[in-house]
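Q: Would you mind keeping the following structure in view while I ask a few things?
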Amino acid sequence: MLSCTFREYEDSYKANLTAYLKEYEDYTPTSFLEIELNNYTNYYNSLIKISDYFKDNTDKDLRVNSAITDVISDLKKINEPVFNEIFTIGKTITVFDEDEYEGMLILGTIPPSIDINFKKLNNRIASANKIIVFINEQLTISHSPNKNATSIYLTGELPLGTIKQQSVVPGNAIDVNAGANVKPKKSVNPHPQVFLNTEAYELFQKLFEAFKISYNKLADFSFIYRIMHKDGFILDSFKPQMFINWLNKDPFSISLDKLKTLDNCSTLNKIQTYNIIKEALQIK
(Lines give C-alpha, C1' and ligand atoms only; values in the text may rest on other atoms or scores of the structure.)
Protein backbone atom coordinates (compact mmCIF):
# COMPACT_ATOMS: atom_id res chain seq x y z
CA MET A 1 0.00 0.00 0.00
CA LEU A 2 1.25 3.49 -0.83
CA SER A 3 2.10 5.66 2.14
CA CYS A 4 -0.20 8.62 2.78
CA THR A 5 2.37 10.92 4.38
CA PHE A 6 6.06 11.59 3.92
CA ARG A 7 6.74 10.61 7.54
CA GLU A 8 5.11 7.22 6.96
CA TYR A 9 7.17 6.69 3.81
CA GLU A 10 10.44 7.74 5.41
CA ASP A 11 9.84 5.53 8.45
CA SER A 12 9.14 2.43 6.32
CA TYR A 13 11.62 3.09 3.51
CA LYS A 14 14.56 1.03 4.77
CA ALA A 15 12.39 -1.91 5.78
CA ASN A 16 10.64 -1.95 2.39
CA LEU A 17 13.95 -1.71 0.53
CA THR A 18 15.44 -4.55 2.59
CA ALA A 19 12.38 -6.74 1.96
CA TYR A 20 12.56 -6.03 -1.79
CA LEU A 21 16.25 -6.91 -2.04
CA LYS A 22 15.70 -10.08 -0.03
CA GLU A 23 12.89 -11.21 -2.35
CA TYR A 24 14.64 -10.19 -5.56
CA GLU A 25 18.26 -11.13 -4.93
CA ASP A 26 19.54 -10.09 -8.36
CA TYR A 27 18.04 -6.61 -8.20
CA THR A 28 19.52 -3.39 -6.81
CA PRO A 29 18.29 -0.42 -4.76
CA THR A 30 18.03 1.50 -8.03
CA SER A 31 15.47 -1.01 -9.35
CA PHE A 32 13.41 -0.61 -6.18
CA LEU A 33 13.56 3.20 -6.38
CA GLU A 34 12.56 3.32 -10.04
CA ILE A 35 9.48 1.22 -9.24
CA GLU A 36 8.72 3.49 -6.29
CA LEU A 37 9.10 6.60 -8.43
CA ASN A 38 6.70 5.26 -11.03
CA ASN A 39 4.12 4.29 -8.40
CA TYR A 40 4.22 7.60 -6.56
CA THR A 41 4.29 9.65 -9.76
CA ASN A 42 1.08 7.92 -10.86
CA TYR A 43 -0.41 8.52 -7.41
CA TYR A 44 0.59 12.20 -7.48
CA ASN A 45 -0.83 12.65 -10.97
CA SER A 46 -4.16 11.12 -9.90
CA LEU A 47 -4.39 13.69 -7.10
CA ILE A 48 -3.50 16.57 -9.43
CA LYS A 49 -6.13 15.40 -11.92
CA ILE A 50 -8.75 15.66 -9.18
CA SER A 51 -7.47 19.06 -8.05
CA ASP A 52 -7.66 20.40 -11.61
CA TYR A 53 -11.21 19.22 -12.10
CA PHE A 54 -12.68 20.40 -8.82
CA LYS A 55 -10.93 23.77 -8.49
CA ASP A 56 -13.83 25.44 -10.30
CA ASN A 57 -16.48 23.09 -8.86
CA THR A 58 -16.55 23.75 -5.14
CA ASP A 59 -20.27 23.04 -4.74
CA LYS A 60 -20.61 20.53 -1.90
CA ASP A 61 -23.61 18.83 -3.56
CA LEU A 62 -22.02 17.77 -6.82
CA ARG A 63 -23.70 14.77 -8.40
CA VAL A 64 -21.78 11.74 -9.58
CA ASN A 65 -21.63 11.58 -13.37
CA SER A 66 -19.41 10.00 -16.02
CA ALA A 67 -16.99 12.95 -16.08
CA ILE A 68 -16.51 12.91 -12.31
CA THR A 69 -16.18 9.12 -12.28
CA ASP A 70 -13.41 9.33 -14.89
CA VAL A 71 -11.56 11.96 -12.84
CA ILE A 72 -11.68 10.14 -9.49
CA SER A 73 -11.39 6.51 -10.62
CA ASP A 74 -7.56 6.53 -10.95
CA LEU A 75 -7.07 7.49 -7.32
CA LYS A 76 -9.50 4.81 -6.14
CA LYS A 77 -7.51 2.16 -8.02
CA ILE A 78 -4.13 3.44 -6.87
CA ASN A 79 -4.83 4.29 -3.23
CA GLU A 80 -8.33 3.48 -2.00
CA PRO A 81 -7.71 4.56 1.64
CA VAL A 82 -6.77 8.06 0.46
CA PHE A 83 -9.77 8.04 -1.89
CA ASN A 84 -12.08 7.27 1.04
CA GLU A 85 -10.37 9.95 3.10
CA ILE A 86 -10.96 12.64 0.47
CA PHE A 87 -14.39 11.68 -0.90
CA THR A 88 -17.76 11.04 0.68
CA ILE A 89 -20.30 9.67 -1.78
CA GLY A 90 -23.98 9.66 -0.87
CA LYS A 91 -26.66 7.15 -1.75
CA THR A 92 -28.64 6.90 -4.96
CA ILE A 93 -32.12 8.33 -4.45
CA THR A 94 -35.00 6.27 -5.89
CA VAL A 95 -38.14 8.16 -6.94
CA PHE A 96 -41.48 6.34 -6.61
CA ASP A 97 -44.97 7.05 -7.89
CA GLU A 98 -46.95 8.48 -4.98
CA ASP A 99 -50.34 7.16 -6.12
CA GLU A 100 -50.94 4.34 -3.64
CA TYR A 101 -53.72 2.91 -5.82
CA GLU A 102 -51.30 2.35 -8.69
CA GLY A 103 -48.75 0.52 -6.53
CA MET A 104 -45.11 1.39 -5.93
CA LEU A 105 -44.01 2.22 -9.44
CA ILE A 106 -40.36 3.31 -9.68
CA LEU A 107 -40.13 6.46 -11.78
CA GLY A 108 -36.36 6.82 -11.76
CA THR A 109 -33.25 7.51 -9.72
CA ILE A 110 -31.20 10.58 -8.79
CA PRO A 111 -27.40 10.10 -8.86
CA PRO A 112 -25.65 10.30 -5.48
CA SER A 113 -24.00 13.52 -4.36
CA ILE A 114 -20.23 13.68 -3.87
CA ASP A 115 -18.47 15.68 -1.18
CA ILE A 116 -14.73 16.42 -1.37
CA ASN A 117 -12.41 17.39 1.46
CA PHE A 118 -10.10 19.91 -0.21
CA LYS A 119 -7.85 20.28 2.83
CA LYS A 120 -7.04 16.57 2.83
CA LEU A 121 -6.60 16.58 -0.95
CA ASN A 122 -4.06 19.40 -0.78
CA ASN A 123 -2.28 17.73 2.13
CA ARG A 124 -1.96 14.49 0.18
CA ILE A 125 -0.63 16.36 -2.88
CA ALA A 126 2.03 18.02 -0.72
CA SER A 127 2.95 14.70 0.91
CA ALA A 128 3.21 12.89 -2.42
CA ASN A 129 5.45 15.62 -3.76
CA LYS A 130 7.79 15.29 -0.75
CA ILE A 131 7.93 11.53 -1.22
CA ILE A 132 8.86 11.94 -4.90
CA VAL A 133 11.60 14.41 -3.99
CA PHE A 134 12.96 11.91 -1.41
CA ILE A 135 12.93 9.04 -3.94
CA ASN A 136 14.78 11.19 -6.47
CA GLU A 137 17.40 12.08 -3.88
CA GLN A 138 17.96 8.38 -3.16
CA LEU A 139 18.15 7.65 -6.89
CA THR A 140 20.79 10.32 -7.34
CA ILE A 141 22.87 8.75 -4.59
CA SER A 142 22.40 5.24 -6.00
CA HIS A 143 23.59 6.38 -9.45
CA SER A 144 26.53 8.42 -8.27
CA PRO A 145 29.88 7.23 -6.90
CA ASN A 146 29.94 10.56 -5.07
CA LYS A 147 27.48 10.22 -2.20
CA ASN A 148 27.25 14.01 -1.86
CA ALA A 149 25.52 14.35 -5.23
CA THR A 150 22.66 16.80 -5.54
CA SER A 151 19.34 15.59 -6.93
CA ILE A 152 17.64 17.40 -9.79
CA TYR A 153 14.33 15.89 -10.67
CA LEU A 154 12.50 17.84 -13.35
CA THR A 155 12.67 18.65 -17.06
CA GLY A 156 15.47 16.42 -18.27
CA GLU A 157 17.89 16.60 -15.36
CA LEU A 158 16.97 13.61 -13.22
CA PRO A 159 19.84 11.10 -13.26
CA LEU A 160 17.75 8.08 -14.20
CA GLY A 161 17.42 5.83 -17.18
CA THR A 162 15.19 7.53 -19.73
CA ILE A 163 11.51 7.47 -18.75
CA LYS A 164 8.44 9.55 -19.45
CA GLN A 165 7.53 11.52 -16.36
CA GLN A 166 4.20 13.32 -16.18
CA SER A 167 4.47 17.06 -15.60
CA VAL A 168 2.02 18.79 -13.33
CA VAL A 169 1.05 20.77 -16.41
CA PRO A 170 -1.97 18.99 -18.00
CA GLY A 171 -1.07 17.12 -21.17
CA ASN A 172 2.66 17.77 -20.88
CA ALA A 173 4.85 14.67 -20.50
CA ILE A 174 8.50 15.47 -19.80
CA ASP A 175 11.43 13.40 -21.07
CA VAL A 176 13.61 12.56 -18.11
CA ASN A 177 16.98 11.33 -19.31
CA ALA A 178 20.18 10.01 -17.82
CA GLY A 179 22.72 12.17 -16.02
CA ALA A 180 24.57 12.81 -19.28
CA ASN A 181 21.89 15.38 -20.05
CA VAL A 182 22.89 17.56 -17.12
CA LYS A 183 24.54 20.69 -18.49
CA PRO A 184 26.78 23.09 -16.61
CA LYS A 185 25.14 26.36 -15.67
CA LYS A 186 25.64 29.20 -18.13
CA SER A 187 27.97 31.91 -16.90
CA VAL A 188 26.33 34.70 -18.91
CA ASN A 189 22.78 36.03 -18.85
CA PRO A 190 21.85 36.18 -22.58
CA HIS A 191 18.96 38.61 -21.93
CA PRO A 192 20.12 41.12 -19.32
CA GLN A 193 17.38 43.52 -20.36
CA VAL A 194 14.81 40.92 -19.26
CA PHE A 195 16.21 38.82 -16.41
CA LEU A 196 17.89 39.63 -13.13
CA ASN A 197 20.70 37.12 -13.66
CA THR A 198 21.65 33.82 -15.28
CA GLU A 199 19.68 31.77 -12.77
CA ALA A 200 16.54 33.76 -13.57
CA TYR A 201 16.98 33.05 -17.28
CA GLU A 202 17.47 29.32 -16.57
CA LEU A 203 14.27 29.36 -14.51
CA PHE A 204 12.42 30.90 -17.45
CA GLN A 205 13.85 28.28 -19.82
CA LYS A 206 12.57 25.44 -17.64
CA LEU A 207 9.15 27.05 -17.28
CA PHE A 208 9.00 27.57 -21.03
CA GLU A 209 9.72 23.87 -21.64
CA ALA A 210 7.04 22.87 -19.14
CA PHE A 211 4.33 25.14 -20.54
CA LYS A 212 5.10 25.52 -24.26
CA ILE A 213 2.57 22.87 -25.36
CA SER A 214 -0.04 23.76 -22.77
CA TYR A 215 -3.71 24.16 -23.64
CA ASN A 216 -4.00 27.78 -22.50
CA LYS A 217 -0.90 29.75 -23.40
CA LEU A 218 -2.46 33.08 -22.45
CA ALA A 219 -3.01 31.99 -18.85
CA ASP A 220 0.19 29.98 -18.57
CA PHE A 221 2.62 32.54 -19.99
CA SER A 222 0.83 35.32 -18.13
CA PHE A 223 1.58 33.31 -15.00
CA ILE A 224 5.26 32.96 -15.93
CA TYR A 225 5.67 36.70 -16.40
CA ARG A 226 3.62 37.72 -13.36
CA ILE A 227 5.19 35.28 -10.89
CA MET A 228 8.76 35.89 -12.10
CA HIS A 229 8.21 39.66 -12.03
CA LYS A 230 6.67 39.43 -8.56
CA ASP A 231 9.68 37.47 -7.29
CA GLY A 232 12.16 39.85 -8.90
CA PHE A 233 13.48 37.48 -11.58
CA ILE A 234 12.11 39.67 -14.41
CA LEU A 235 13.21 43.30 -14.18
CA ASP A 236 10.71 46.05 -13.35
CA SER A 237 11.83 47.91 -16.46
CA PHE A 238 10.69 45.04 -18.68
CA LYS A 239 6.98 45.83 -18.98
CA PRO A 240 4.19 43.39 -19.97
CA GLN A 241 3.97 44.63 -23.57
CA MET A 242 7.74 44.27 -23.92
CA PHE A 243 7.48 40.69 -22.69
CA ILE A 244 4.65 40.00 -25.18
CA ASN A 245 6.71 41.37 -28.08
CA TRP A 246 9.82 39.46 -26.96
CA LEU A 247 7.93 36.19 -26.54
CA ASN A 248 6.31 36.49 -29.98
CA LYS A 249 9.73 36.30 -31.66
CA ASP A 250 12.00 33.34 -32.33
CA PRO A 251 13.01 31.09 -30.70
CA PHE A 252 9.89 31.16 -28.50
CA SER A 253 7.15 32.07 -31.03
CA ILE A 254 4.39 32.28 -28.43
CA SER A 255 1.72 34.61 -29.78
CA LEU A 256 -0.04 36.71 -27.12
CA ASP A 257 -1.86 40.03 -27.33
CA LYS A 258 -2.24 40.70 -23.60
CA LEU A 259 -1.38 39.31 -20.15
CA LYS A 260 -3.72 38.29 -17.38
CA THR A 261 -3.22 39.42 -13.80
CA LEU A 262 -1.54 36.99 -11.40
CA ASP A 263 -4.80 36.34 -9.53
CA ASN A 264 -6.56 35.43 -12.79
CA CYS A 265 -3.93 33.00 -14.09
CA SER A 266 -2.61 31.22 -10.98
CA THR A 267 -3.54 27.62 -10.20
CA LEU A 268 -2.24 25.10 -7.69
CA ASN A 269 -0.59 23.13 -10.52
CA LYS A 270 1.29 26.13 -11.86
CA ILE A 271 2.50 27.23 -8.44
CA GLN A 272 3.72 23.70 -7.71
CA THR A 273 5.50 23.48 -11.06
CA TYR A 274 7.18 26.84 -10.41
CA ASN A 275 8.32 25.83 -6.93
CA ILE A 276 9.56 22.40 -8.02
CA ILE A 277 11.66 23.92 -10.82
CA LYS A 278 13.09 26.58 -8.49
CA GLU A 279 14.02 23.88 -5.98
CA ALA A 280 15.59 21.73 -8.70
CA LEU A 281 17.71 24.68 -9.85
CA GLN A 282 18.49 25.55 -6.22
CA ILE A 283 17.12 29.05 -6.65
CA LYS A 284 15.89 30.81 -3.52
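Chains: A, B, ... in order of the C-alpha coordinates. Residues: from 1 per chain. Ligands: from 1, in order shown.
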Show me, as a Markdown table, the residues of stretch 197-225 of chain A having an atom within 9 Å of stretch 243-255 of chain A, each with the closest atom pair and its distance in Å, using only C-alpha atoms.
A:
| residue | atom | partner | partner_atom | distance |
| --- | --- | --- | --- | --- |
| A:Phe208 | CA | A:Phe252 | CA | 8.3 |
| A:Lys212 | CA | A:Ile254 | CA | 8.0 |
| A:Lys217 | CA | A:Ile254 | CA | 7.7 |
| A:Leu218 | CA | A:Ser255 | CA | 8.6 |
| A:Phe221 | CA | A:Ile254 | CA | 8.6 |
| A:Tyr225 | CA | A:Phe243 | CA | 7.7 |
Q: Which residues are close to A:Ser266, i.e. within 10 Å by only C-alpha atoms, leaving aside same-chain residues fewer than 6 positions away? Reply as an MDAnalysis selection string.
A: chainID A and resid 219:220 222:224 226:227 260
Q: For A:Glu202, which of A:Met242, A:Gln282, A:Phe134, A:Asn264 is the closest residue, counting only C-alpha atoms?
A: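 Going through A:Met242, A:Gln282, A:Phe134, A:Asn264 one by one, the smallest distance to A:Glu202 is for A:Gln282.
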Q: Choose the residue, out of A:Asp257, A:Asp115, A:Glu199, A:Asp74, that has the smallest atom-to-atom separation from A:Ile234; count only C-alpha atoms.
A: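 With only C-alpha atoms as the atom set, the closest residue is A:Glu199.
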Q: Can you work out which one of A:Tyr274, A:Met1, A:Leu262, A:Leu256 has the shortest atom-to-atom distance to A:Phe211, counting only C-alpha atoms?
A: A:Tyr274
Q: Neighbours of A:Ser237 within 12 Å (only C-alpha atoms; same-chain residues fewer than 4 positions away dropped), as an MDAnalysis selection string?
A: chainID A and resid 192:196 229 232:233 241:243
Q: Store the residues picked out above, limited to N, CA and C atoms, as a PDB file, in the first residue's frame.
A:
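Listing of part.pdb after writing:
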ATOM      1  N   PRO A 192      20.024  40.285 -20.520  1.00  0.00           N
ATOM      2  CA  PRO A 192      20.122  41.119 -19.315  1.00  0.00           C
ATOM      3  C   PRO A 192      19.063  42.209 -19.239  1.00  0.00           C
ATOM      4  N   GLN A 193      18.463  42.534 -20.375  1.00  0.00           N
ATOM      5  CA  GLN A 193      17.380  43.520 -20.360  1.00  0.00           C
ATOM      6  C   GLN A 193      16.082  42.940 -19.817  1.00  0.00           C
ATOM      7  N   VAL A 194      16.024  41.609 -19.695  1.00  0.00           N
ATOM      8  CA  VAL A 194      14.806  40.923 -19.261  1.00  0.00           C
ATOM      9  C   VAL A 194      14.972  40.357 -17.850  1.00  0.00           C
ATOM     10  N   PHE A 195      16.069  39.634 -17.629  1.00  0.00           N
ATOM     11  CA  PHE A 195      16.206  38.824 -16.412  1.00  0.00           C
ATOM     12  C   PHE A 195      17.243  39.392 -15.456  1.00  0.00           C
ATOM     13  N   LEU A 196      17.012  39.144 -14.184  1.00  0.00           N
ATOM     14  CA  LEU A 196      17.889  39.628 -13.126  1.00  0.00           C
ATOM     15  C   LEU A 196      19.299  39.072 -13.260  1.00  0.00           C
ATOM     16  N   HIS A 229       8.096  38.224 -12.306  1.00  0.00           N
ATOM     17  CA  HIS A 229       8.207  39.660 -12.030  1.00  0.00           C
ATOM     18  C   HIS A 229       7.980  39.926 -10.540  1.00  0.00           C
ATOM     19  N   GLY A 232      10.965  39.094  -8.569  1.00  0.00           N
ATOM     20  CA  GLY A 232      12.161  39.854  -8.899  1.00  0.00           C
ATOM     21  C   GLY A 232      13.069  39.232  -9.932  1.00  0.00           C
ATOM     22  N   PHE A 233      12.640  38.141 -10.575  1.00  0.00           N
ATOM     23  CA  PHE A 233      13.477  37.483 -11.577  1.00  0.00           C
ATOM     24  C   PHE A 233      13.391  38.195 -12.933  1.00  0.00           C
ATOM     25  N   GLN A 241       4.004  44.591 -22.101  1.00  0.00           N
ATOM     26  CA  GLN A 241       3.970  44.632 -23.569  1.00  0.00           C
ATOM     27  C   GLN A 241       5.328  44.281 -24.156  1.00  0.00           C
ATOM     28  N   MET A 242       6.398  44.635 -23.456  1.00  0.00           N
ATOM     29  CA  MET A 242       7.736  44.268 -23.916  1.00  0.00           C
ATOM     30  C   MET A 242       7.920  42.758 -23.855  1.00  0.00           C
ATOM     31  N   PHE A 243       7.407  42.147 -22.805  1.00  0.00           N
ATOM     32  CA  PHE A 243       7.475  40.687 -22.689  1.00  0.00           C
ATOM     33  C   PHE A 243       6.682  40.024 -23.809  1.00  0.00           C
TER      34      PHE A 243
END
Q: Can you pull out the residues contacting A:Ile116? Cut-off 7 Å, using only C-alpha atoms, and skip same-chain residues under 3 positions away; I want them as a short mmCIF file (atom, residue, chain, number, x, y, z; two decimals) with C-alpha atoms, in the first residue's frame.
A:
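So the final result, stored in result-v5.cif, reads:
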data_model
loop_
_atom_site.label_atom_id
_atom_site.label_comp_id
_atom_site.auth_asym_id
_atom_site.auth_seq_id
_atom_site.Cartn_x
_atom_site.Cartn_y
_atom_site.Cartn_z
CA ILE A 86 -10.96 12.64 0.47
CA PHE A 87 -14.39 11.68 -0.90
CA THR A 88 -17.76 11.04 0.68
#
